[in-house]
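Have a look at entry.txt below; it lists compact mmCIF, C-alpha atoms and all ligand atoms.
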# COMPACT_ATOMS: atom_id res chain seq x y z
CA MET S 1462 244.49 209.28 197.98
CA LYS S 1463 246.81 211.28 195.72
CA LEU S 1464 250.27 212.15 196.98
CA ILE S 1465 253.43 213.80 195.74
CA LEU S 1466 256.82 212.86 197.17
CA LEU S 1467 259.20 215.77 196.73
CA GLY S 1468 262.93 215.79 197.32
CA PRO S 1469 266.34 215.86 195.64
CA PRO S 1470 268.02 212.82 194.03
CA GLY S 1471 268.58 210.15 196.68
CA ALA S 1472 266.13 211.70 199.16
CA GLY S 1473 264.19 208.43 199.40
CA LYS S 1474 261.21 209.19 197.15
CA GLY S 1475 261.30 205.81 195.44
CA THR S 1476 261.93 203.91 198.68
CA GLN S 1477 258.96 205.49 200.45
CA ALA S 1478 256.70 205.39 197.38
CA GLN S 1479 257.31 201.62 197.00
CA GLN S 1480 256.29 200.99 200.63
CA LEU S 1481 253.28 203.31 200.52
CA ALA S 1482 252.04 201.75 197.31
CA LYS S 1483 252.26 198.28 198.82
CA ASN S 1484 250.67 199.19 202.17
CA ARG S 1485 247.88 201.41 200.87
CA ASN S 1486 247.04 199.85 197.53
CA LEU S 1487 248.11 202.95 195.62
CA ILE S 1488 249.91 203.10 192.29
CA GLN S 1489 253.50 204.38 192.32
CA LEU S 1490 254.05 206.67 189.35
CA SER S 1491 257.77 207.30 188.98
CA THR S 1492 258.57 209.34 185.89
CA GLY S 1493 262.21 208.23 186.26
CA GLU S 1494 261.15 204.55 186.10
CA MET S 1495 258.80 205.22 183.18
CA LEU S 1496 261.54 206.98 181.25
CA ARG S 1497 264.04 204.20 182.00
CA ALA S 1498 261.48 201.69 180.69
CA ALA S 1499 261.12 203.80 177.52
CA VAL S 1500 264.92 203.87 177.12
CA LYS S 1501 265.05 200.08 177.52
CA ALA S 1502 262.25 199.60 175.00
CA GLY S 1503 264.07 201.88 172.51
CA SER S 1504 260.93 203.96 171.92
CA GLU S 1505 261.07 207.42 170.37
CA ILE S 1506 260.59 209.05 173.80
CA GLY S 1507 263.26 206.76 175.24
CA LEU S 1508 265.79 207.69 172.58
CA LYS S 1509 265.22 211.42 173.21
CA ALA S 1510 265.32 211.03 176.98
CA LYS S 1511 268.43 208.86 177.22
CA ALA S 1512 271.03 211.51 176.41
CA LEU S 1513 269.51 213.96 178.91
CA MET S 1514 269.14 211.36 181.66
CA ASP S 1515 272.71 210.14 181.22
CA LYS S 1516 273.90 213.72 181.73
CA GLY S 1517 271.59 214.23 184.71
CA GLU S 1518 269.50 216.89 182.98
CA LEU S 1519 265.72 217.10 182.98
CA VAL S 1520 263.64 215.71 180.14
CA SER S 1521 261.28 218.26 178.56
CA ASP S 1522 258.07 219.21 180.34
CA ASP S 1523 255.95 218.23 177.31
CA VAL S 1524 257.24 214.68 177.36
CA VAL S 1525 256.77 213.99 181.08
CA VAL S 1526 253.44 215.82 181.33
CA GLY S 1527 252.21 213.73 178.38
CA ILE S 1528 253.33 210.51 180.07
CA ILE S 1529 251.61 211.38 183.36
CA ALA S 1530 248.42 212.71 181.74
CA GLU S 1531 247.99 209.40 179.91
CA ARG S 1532 248.94 207.23 182.88
CA ILE S 1533 246.62 208.74 185.50
CA GLU S 1534 243.64 208.05 183.23
CA LYS S 1535 244.22 204.28 183.49
CA PRO S 1536 241.67 202.41 185.65
CA ASP S 1537 244.30 201.25 188.18
CA CYS S 1538 244.85 204.89 189.25
CA LYS S 1539 241.22 205.26 190.35
CA ASN S 1540 242.03 204.32 193.95
CA GLY S 1541 244.83 206.89 194.04
CA PHE S 1542 248.51 207.28 193.21
CA ILE S 1543 251.84 208.48 194.48
CA LEU S 1544 253.84 210.74 192.22
CA ASP S 1545 257.56 210.01 192.65
CA GLY S 1546 259.77 212.42 190.71
CA PHE S 1547 256.89 214.41 189.18
CA PRO S 1548 256.26 217.34 189.07
CA ARG S 1549 259.81 218.65 188.84
CA THR S 1550 259.26 222.13 187.42
CA LEU S 1551 256.68 224.85 188.05
CA GLN S 1552 255.34 224.21 184.54
CA GLN S 1553 254.81 220.52 185.37
CA ALA S 1554 253.09 221.45 188.65
CA ALA S 1555 250.75 223.85 186.85
CA ALA S 1556 249.96 221.22 184.20
CA LEU S 1557 249.17 218.68 186.93
CA ASP S 1558 246.84 221.15 188.67
CA THR S 1559 245.02 221.77 185.39
CA MET S 1560 244.71 218.02 184.69
CA LEU S 1561 243.18 217.35 188.10
CA ALA S 1562 241.04 220.51 188.24
CA SER S 1563 239.38 219.51 184.97
CA LYS S 1564 238.01 216.53 186.93
CA GLY S 1565 237.21 218.59 190.04
CA ASP S 1566 240.13 216.94 191.82
CA ARG S 1567 243.38 217.94 193.54
CA MET S 1568 246.40 216.37 195.25
CA ASP S 1569 245.73 215.42 198.89
CA ALA S 1570 249.25 216.06 200.15
CA VAL S 1571 252.77 216.91 199.08
CA ILE S 1572 255.41 215.29 201.29
CA GLU S 1573 258.80 216.96 201.24
CA LEU S 1574 261.69 214.72 202.24
CA LYS S 1575 264.16 217.05 203.95
CA VAL S 1576 267.73 215.82 203.60
CA ASP S 1577 271.33 216.69 204.27
CA TYR S 1578 272.73 217.32 200.78
CA ASN S 1579 276.22 216.18 201.80
CA ARG S 1580 274.93 212.66 202.40
CA LEU S 1581 273.09 212.18 199.11
CA VAL S 1582 276.04 211.06 197.00
CA GLU S 1583 276.63 208.20 199.44
CA ARG S 1584 272.99 207.19 199.12
CA ILE S 1585 273.03 207.34 195.35
CA VAL S 1586 276.28 205.53 194.62
CA GLY S 1587 275.32 202.71 197.04
CA ARG S 1588 271.91 202.16 195.48
CA TYR S 1589 270.90 199.08 193.50
CA ALA S 1590 267.66 197.32 192.66
CA CYS S 1591 266.31 193.87 191.89
CA ALA S 1592 266.47 193.39 188.12
CA ASN S 1593 263.31 191.29 188.23
CA CYS S 1594 260.82 193.15 190.49
CA GLY S 1595 262.52 196.53 190.95
CA GLU S 1596 262.71 196.40 194.77
CA GLY S 1597 265.29 199.00 195.84
CA TYR S 1598 268.32 198.28 198.04
CA HIS S 1599 271.46 199.99 199.34
CA ASP S 1600 274.96 198.64 199.98
CA ARG S 1601 274.82 199.96 203.57
CA PHE S 1602 271.33 201.18 204.42
CA LYS S 1603 269.04 198.51 202.98
CA ARG S 1604 270.55 195.11 202.38
CA PRO S 1605 268.51 192.06 201.39
CA LYS S 1606 267.81 189.75 204.37
CA VAL S 1607 269.71 186.96 202.60
CA ARG S 1608 272.82 188.26 200.88
CA GLY S 1609 272.41 188.41 197.09
CA VAL S 1610 268.73 187.34 197.14
CA CYS S 1611 265.83 189.77 196.63
CA ASP S 1612 263.52 189.84 199.70
CA VAL S 1613 260.44 190.26 197.53
CA CYS S 1614 260.82 187.88 194.59
CA GLY S 1615 263.88 185.73 195.36
CA SER S 1616 265.78 186.83 192.25
CA THR S 1617 269.57 186.88 192.43
CA ASP S 1618 269.89 189.41 189.62
CA PHE S 1619 270.46 193.07 190.56
CA THR S 1620 271.11 196.27 188.58
CA ARG S 1621 272.55 199.74 189.13
CA ARG S 1622 271.36 202.85 187.31
CA ALA S 1623 273.48 204.37 184.53
CA ASP S 1624 273.09 207.85 186.06
CA ASP S 1625 274.17 206.81 189.56
CA ASN S 1626 277.71 208.13 189.46
CA ALA S 1627 279.32 211.06 191.28
CA GLU S 1628 279.64 213.25 188.13
CA THR S 1629 276.01 212.95 187.06
CA VAL S 1630 274.78 213.44 190.61
CA THR S 1631 276.16 217.00 190.64
CA THR S 1632 274.19 217.89 187.50
CA ARG S 1633 271.07 216.24 188.95
CA MET S 1634 271.47 218.24 192.16
CA MET S 1635 271.84 221.46 190.15
CA ALA S 1636 268.67 220.65 188.23
CA TYR S 1637 266.91 220.09 191.55
CA TYR S 1638 268.03 223.43 193.01
CA ARG S 1639 267.23 225.36 189.86
CA GLU S 1640 264.02 223.74 188.64
CA THR S 1641 262.43 221.68 191.40
CA SER S 1642 263.10 223.40 194.74
CA PRO S 1643 260.73 226.32 193.84
CA LEU S 1644 257.92 223.75 194.13
CA ILE S 1645 258.37 223.78 197.91
CA GLY S 1646 257.14 227.40 197.98
CA TYR S 1647 254.48 226.63 195.39
CA TYR S 1648 252.88 223.86 197.48
CA PHE S 1649 253.39 225.73 200.75
CA CYS S 1650 251.27 228.55 199.32
CA LYS S 1651 248.64 226.03 198.24
CA GLY S 1652 248.50 224.79 201.83
CA ASN S 1653 249.18 221.10 201.25
CA LEU S 1654 252.94 220.87 201.93
CA HIS S 1655 254.16 218.59 204.75
CA ALA S 1656 257.84 218.06 205.59
CA VAL S 1657 259.48 214.98 207.09
CA ASP S 1658 263.06 214.32 208.17
CA GLY S 1659 264.39 212.25 205.29
CA MET S 1660 267.66 211.56 207.13
CA ALA S 1661 265.95 209.34 209.70
CA PRO S 1662 266.15 205.56 209.12
CA ILE S 1663 263.85 204.30 206.34
CA GLU S 1664 261.25 202.84 208.74
CA GLU S 1665 261.09 206.07 210.78
CA VAL S 1666 260.53 208.14 207.65
CA ALA S 1667 257.68 205.76 206.75
CA VAL S 1668 256.11 206.24 210.20
CA ALA S 1669 256.41 210.05 209.93
CA ILE S 1670 254.63 209.94 206.56
CA ALA S 1671 251.92 207.63 207.93
CA ASP S 1672 251.34 210.12 210.80
CA ILE S 1673 250.84 212.94 208.31
CA LEU S 1674 248.46 210.88 206.19
CA ALA S 1675 246.44 209.87 209.26
CA LYS S 1676 245.77 213.52 210.04
CA LEU S 1677 244.61 214.50 206.54
CA PRO S 1678 240.99 215.60 206.33
P1 LIG H 1701 264.55 209.79 188.97
O1 LIG H 1701 264.56 208.36 188.68
O2 LIG H 1701 263.33 210.41 189.53
O3 LIG H 1701 265.80 210.13 189.87
P2 LIG H 1701 266.05 211.24 191.00
O4 LIG H 1701 265.05 212.31 191.17
O5 LIG H 1701 267.43 211.69 190.73
O6 LIG H 1701 265.80 210.54 192.32
P3 LIG H 1701 266.40 209.18 192.71
O7 LIG H 1701 265.60 208.07 192.12
O8 LIG H 1701 267.87 209.20 192.46
O9 LIG H 1701 266.22 209.25 194.30
P4 LIG H 1701 265.05 208.78 195.24
O10 LIG H 1701 264.59 209.99 195.99
O11 LIG H 1701 264.02 207.97 194.54
O12 LIG H 1701 265.88 207.88 196.26
P5 LIG H 1701 265.77 206.32 196.62
O13 LIG H 1701 264.49 206.04 197.34
O14 LIG H 1701 266.10 205.48 195.45
O15 LIG H 1701 264.91 210.59 187.63
C1 LIG H 1701 266.00 210.19 186.82
C2 LIG H 1701 266.11 211.12 185.61
O16 LIG H 1701 264.91 211.02 184.82
C3 LIG H 1701 266.22 212.62 185.92
O17 LIG H 1701 267.56 212.99 186.17
C4 LIG H 1701 265.66 213.24 184.64
O18 LIG H 1701 266.60 213.20 183.60
C5 LIG H 1701 264.52 212.28 184.28
N1 LIG H 1701 263.23 212.66 184.88
C6 LIG H 1701 262.50 211.92 185.76
N2 LIG H 1701 261.37 212.56 186.10
C7 LIG H 1701 261.38 213.73 185.40
C8 LIG H 1701 260.48 214.84 185.34
N3 LIG H 1701 259.35 214.87 186.07
N4 LIG H 1701 260.83 215.88 184.55
C9 LIG H 1701 261.95 215.88 183.80
N5 LIG H 1701 262.85 214.85 183.82
C10 LIG H 1701 262.56 213.80 184.61
O19 LIG H 1701 266.94 206.23 197.71
C11 LIG H 1701 268.30 206.31 197.33
C12 LIG H 1701 269.11 205.25 198.08
O20 LIG H 1701 269.15 205.59 199.47
C13 LIG H 1701 268.52 203.85 198.00
O21 LIG H 1701 269.55 202.89 197.87
C14 LIG H 1701 267.78 203.64 199.35
O22 LIG H 1701 267.82 202.30 199.78
C15 LIG H 1701 268.57 204.56 200.28
N6 LIG H 1701 267.70 205.22 201.23
C16 LIG H 1701 266.45 205.74 201.00
N7 LIG H 1701 265.95 206.30 202.14
C17 LIG H 1701 266.91 206.15 203.09
C18 LIG H 1701 266.99 206.50 204.47
N8 LIG H 1701 265.98 207.15 205.09
N9 LIG H 1701 268.14 206.20 205.14
C19 LIG H 1701 269.16 205.55 204.52
N10 LIG H 1701 269.13 205.17 203.21
C20 LIG H 1701 268.03 205.46 202.51
MG MG H 1702 263.79 207.30 192.56
Output the structure of this file as structure tokens.
Ligand code: AP5
Ligand code: MG
Amino acid sequence: MKLILLGPPGAGKGTQAQQLAKNRNLIQLSTGEMLRAAVKAGSEIGLKAKALMDKGELVSDDVVVGIIAERIEKPDCKNGFILDGFPRTLQQAAALDTMLASKGDRMDAVIELKVDYNRLVERIVGRYACANCGEGYHDRFKRPKVRGVCDVCGSTDFTRRADDNAETVTTRMMAYYRETSPLIGYYFCKGNLHAVDGMAPIEEVAVAIADILAKLP
């Protein structure tokens, strides 16, 4: 199965992608995570991307399309993948279609997480993740079962993203409105867009997505 999770910063793409990947043996492909790994590694792509990401602006289409094109060819993607944060522009969407069409393939579904924009800053500034395994948490909405200990790997080391601050969030939201929201119309016209209420509790969003996937041909 090949899915796209679509939504603005803080909509819950990463949270839902992590759960889906675990439950359905799919690979989570987050361009944000891949770029952060490149920044950490100090690679050429990472150095270029860092300044843009810190400001909340989009990295160039060429760079992210190149990353995804290479990644989906790896054997672990054979069983399917979830795109989290890609595509983010009409150019990226067209490039993805071309990539898949060349193999006679297409995305099975695009899930739009519908959210109340006024609540996204709260979600983003309260977010943190396990520094060891990457499991995502929130100060209010998703706390570890044991305070200060990761539910998944038991690590006590957590991190917060450099771009998770109120100033950068505004630029990220603008980039979403300008560049990414047209994809909703794009996928609607292709007939594979499905919307869920992203403001429901995390588990309810997961159930709504599972219901959609169960009905796919
Ligand atoms: P990226 O890492 O993709 O960031 P983003 O799109 O801004 O999205 P977020 O990761 O902030 O939100 P999310 O939807 O994953 O929310 P989450 O599940 O964590 O991209 C970062 C940067 O990289 C971009 O700004 C750009 O520079 C660059 N980039 C990446 N991809 C690119 C591309 N394709 N093209 C160009 N540039 C690219 O949830 C947020 C918080 O809320 C969490 O703490 C979570 O626990 C909580 N939460 C989640 N769901 C719920 C719920 N239902 N109820 C209550 N709390 C919830
Ligand atoms: Mg994310």
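Taking all atoms listed in the file into account, ligand MG 1702 (chain H) has within 10 Å the residues Gly1468, Pro1469, Pro1470, Gly1471, Ala1472, Gly1473, Lys1474, Gly1475, Thr1476, Gln1477, Ala1478, Gln1479, Ser1491, Thr1492, Gly1493, Glu1494, Asp1545, Gly1546, Ile1585 and Gly1597 of chain S.
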Which protein, DNA or RNA residues have an atom at most 7 Å from (274.5, 212.6, 183.0), counting all atoms listed in the file? List them as a JSON list (two decimals) with C-alpha atoms, in the frame of the given file.
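point-v7.json written:
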[["chain", "number", "residue", "atom", "x", "y", "z"],
["S", 1513, "LEU", "CA", 269.51, 213.96, 178.91],
["S", 1514, "MET", "CA", 269.14, 211.36, 181.66],
["S", 1515, "ASP", "CA", 272.71, 210.14, 181.22],
["S", 1516, "LYS", "CA", 273.90, 213.72, 181.73],
["S", 1517, "GLY", "CA", 271.59, 214.23, 184.71],
["S", 1518, "GLU", "CA", 269.50, 216.89, 182.98],
["S", 1624, "ASP", "CA", 273.09, 207.85, 186.06],
["S", 1629, "THR", "CA", 276.01, 212.95, 187.06],
["S", 1632, "THR", "CA", 274.19, 217.89, 187.50]]
Between atom O20 of ligand LIG 1701 (chain H) and atom CA of S:Asn1626, what is the distance, to one decimal in Å?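 The value is 13.4 Å.
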Considering all atoms listed in the file, state which residue in the set S:Arg1588, S:Ile1673, S:Pro1548, S:Val1582 is at the smallest distance from S:Lys1603.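 Looking only at the distances to S:Lys1603, the closest residue turns out to be S:Arg1588.
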Taking only C-alpha atoms and all ligand atoms into account, name the residue in S:Leu1654, S:Val1524, S:Ala1671, S:Cys1591 that is nearest to ligand LIG 1701 (chain H).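 Checking each candidate against ligand LIG 1701 (chain H), we get S:Val1524 as the closest.
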Identify the residues within 12 Å of coordinate (273.5, 210.7, 200.8) (same frame as the file), considering all atoms listed in the file, and give the answer as a CSV table (one decimal) with C-alpha atoms, in the coordinates of the input.
chain,number,residue,atom,x,y,z
S,1469,PRO,CA,266.3,215.9,195.6
S,1470,PRO,CA,268.0,212.8,194.0
S,1471,GLY,CA,268.6,210.2,196.7
S,1472,ALA,CA,266.1,211.7,199.2
S,1473,GLY,CA,264.2,208.4,199.4
S,1575,LYS,CA,264.2,217.0,204.0
S,1576,VAL,CA,267.7,215.8,203.6
S,1577,ASP,CA,271.3,216.7,204.3
S,1578,TYR,CA,272.7,217.3,200.8
S,1579,ASN,CA,276.2,216.2,201.8
S,1580,ARG,CA,274.9,212.7,202.4
S,1581,LEU,CA,273.1,212.2,199.1
S,1582,VAL,CA,276.0,211.1,197.0
S,1583,GLU,CA,276.6,208.2,199.4
S,1584,ARG,CA,273.0,207.2,199.1
S,1585,ILE,CA,273.0,207.3,195.4
S,1586,VAL,CA,276.3,205.5,194.6
S,1587,GLY,CA,275.3,202.7,197.0
S,1588,ARG,CA,271.9,202.2,195.5
S,1599,HIS,CA,271.5,200.0,199.3
S,1601,ARG,CA,274.8,200.0,203.6
S,1602,PHE,CA,271.3,201.2,204.4
S,1625,ASP,CA,274.2,206.8,189.6
S,1627,ALA,CA,279.3,211.1,191.3
S,1630,VAL,CA,274.8,213.4,190.6
S,1634,MET,CA,271.5,218.2,192.2
S,1659,GLY,CA,264.4,212.2,205.3
S,1660,MET,CA,267.7,211.6,207.1
S,1661,ALA,CA,266.0,209.3,209.7
With only C-alpha atoms and all ligand atoms as the atoms that count, which of S:Leu1466, S:Val1520, S:Val1526, S:Leu1551 lies nearest to ligand LIG 1701 (chain H)?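 Looking at the shortest contact to ligand LIG 1701 (chain H), the residue is S:Val1520.
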Kindly write N, CA, C and O atoms of stretch 1533-1557 of chain S from the structure just given to a file, as a CSV table (one decimal), in the first residue's frame.
chain,number,residue,atom,x,y,z
S,1533,ILE,N,12.6,5.4,-2.6
S,1533,ILE,CA,11.5,4.4,-2.9
S,1533,ILE,C,12.0,3.2,-3.7
S,1533,ILE,O,11.3,2.3,-3.9
S,1534,GLU,N,13.2,3.3,-4.3
S,1534,GLU,CA,13.8,2.2,-5.0
S,1534,GLU,C,14.4,1.1,-4.1
S,1534,GLU,O,14.7,0.0,-4.5
S,1535,LYS,N,14.6,1.5,-2.8
S,1535,LYS,CA,15.2,0.5,-1.9
S,1535,LYS,C,14.3,-0.7,-1.6
S,1535,LYS,O,13.0,-0.5,-1.6
S,1536,PRO,N,14.8,-1.9,-1.5
S,1536,PRO,CA,14.0,-3.1,-1.3
S,1536,PRO,C,13.0,-3.0,-0.2
S,1536,PRO,O,11.9,-3.5,-0.3
S,1537,ASP,N,13.3,-2.2,0.9
S,1537,ASP,CA,12.3,-2.2,2.0
S,1537,ASP,C,11.0,-1.5,1.7
S,1537,ASP,O,10.0,-1.5,2.4
S,1538,CYS,N,11.0,-0.7,0.6
S,1538,CYS,CA,9.8,0.0,0.2
S,1538,CYS,C,8.9,-0.9,-0.7
S,1538,CYS,O,7.8,-0.5,-1.1
S,1539,LYS,N,9.3,-2.1,-1.0
S,1539,LYS,CA,8.5,-3.0,-1.9
S,1539,LYS,C,7.1,-3.3,-1.4
S,1539,LYS,O,6.1,-3.3,-2.1
S,1540,ASN,N,7.0,-3.4,0.0
S,1540,ASN,CA,5.7,-3.7,0.6
S,1540,ASN,C,4.8,-2.5,0.7
S,1540,ASN,O,3.6,-2.6,1.0
S,1541,GLY,N,5.4,-1.3,0.4
S,1541,GLY,CA,4.6,-0.1,0.5
S,1541,GLY,C,5.2,0.9,1.4
S,1541,GLY,O,6.1,0.6,2.2
S,1542,PHE,N,4.7,2.2,1.3
S,1542,PHE,CA,5.3,3.3,2.1
S,1542,PHE,C,4.3,4.3,2.4
S,1542,PHE,O,3.2,4.4,1.7
S,1543,ILE,N,4.6,5.1,3.4
S,1543,ILE,CA,3.7,6.3,3.7
S,1543,ILE,C,4.5,7.5,3.5
S,1543,ILE,O,5.6,7.7,4.2
S,1544,LEU,N,4.1,8.4,2.7
S,1544,LEU,CA,4.8,9.7,2.5
S,1544,LEU,C,4.3,10.7,3.5
S,1544,LEU,O,3.1,11.0,3.5
S,1545,ASP,N,5.2,11.2,4.3
S,1545,ASP,CA,4.9,12.1,5.4
S,1545,ASP,C,5.6,13.4,5.1
S,1545,ASP,O,6.8,13.5,5.3
S,1546,GLY,N,4.9,14.4,4.6
S,1546,GLY,CA,5.6,15.7,4.3
S,1546,GLY,C,6.1,15.8,2.8
S,1546,GLY,O,6.8,16.7,2.5
S,1547,PHE,N,5.7,14.9,2.0
S,1547,PHE,CA,6.0,14.9,0.6
S,1547,PHE,C,4.9,14.2,-0.1
S,1547,PHE,O,4.3,13.2,0.4
S,1548,PRO,N,4.4,14.8,-1.3
S,1548,PRO,CA,4.8,16.0,-1.9
S,1548,PRO,C,4.3,17.2,-1.2
S,1548,PRO,O,3.3,17.2,-0.5
S,1549,ARG,N,5.0,18.4,-1.5
S,1549,ARG,CA,4.6,19.6,-0.8
S,1549,ARG,C,4.4,20.7,-1.8
S,1549,ARG,O,4.1,21.9,-1.4
S,1550,THR,N,4.6,20.4,-3.1
S,1550,THR,CA,4.3,21.4,-4.1
S,1550,THR,C,3.7,20.7,-5.3
S,1550,THR,O,3.9,19.4,-5.4
S,1551,LEU,N,3.1,21.4,-6.2
S,1551,LEU,CA,2.5,20.7,-7.4
S,1551,LEU,C,3.6,20.1,-8.2
S,1551,LEU,O,3.4,19.0,-8.8
S,1552,GLN,N,4.8,20.7,-8.3
S,1552,GLN,CA,5.9,20.1,-9.0
S,1552,GLN,C,6.3,18.8,-8.4
S,1552,GLN,O,6.6,17.8,-9.1
S,1553,GLN,N,6.4,18.7,-7.1
S,1553,GLN,CA,6.7,17.5,-6.4
S,1553,GLN,C,5.7,16.4,-6.7
S,1553,GLN,O,6.0,15.2,-6.9
S,1554,ALA,N,4.4,16.8,-6.7
S,1554,ALA,CA,3.3,15.8,-6.9
S,1554,ALA,C,3.4,15.3,-8.3
S,1554,ALA,O,3.3,14.1,-8.5
S,1555,ALA,N,3.7,16.2,-9.3
S,1555,ALA,CA,3.8,15.7,-10.7
S,1555,ALA,C,5.0,14.8,-10.8
S,1555,ALA,O,5.0,13.7,-11.5
S,1556,ALA,N,6.1,15.1,-10.1
S,1556,ALA,CA,7.3,14.3,-10.2
S,1556,ALA,C,7.1,12.9,-9.6
S,1556,ALA,O,7.5,11.9,-10.2
S,1557,LEU,N,6.3,12.9,-8.5
S,1557,LEU,CA,6.0,11.6,-7.9
S,1557,LEU,C,5.1,10.7,-8.9
S,1557,LEU,O,5.3,9.5,-9.0
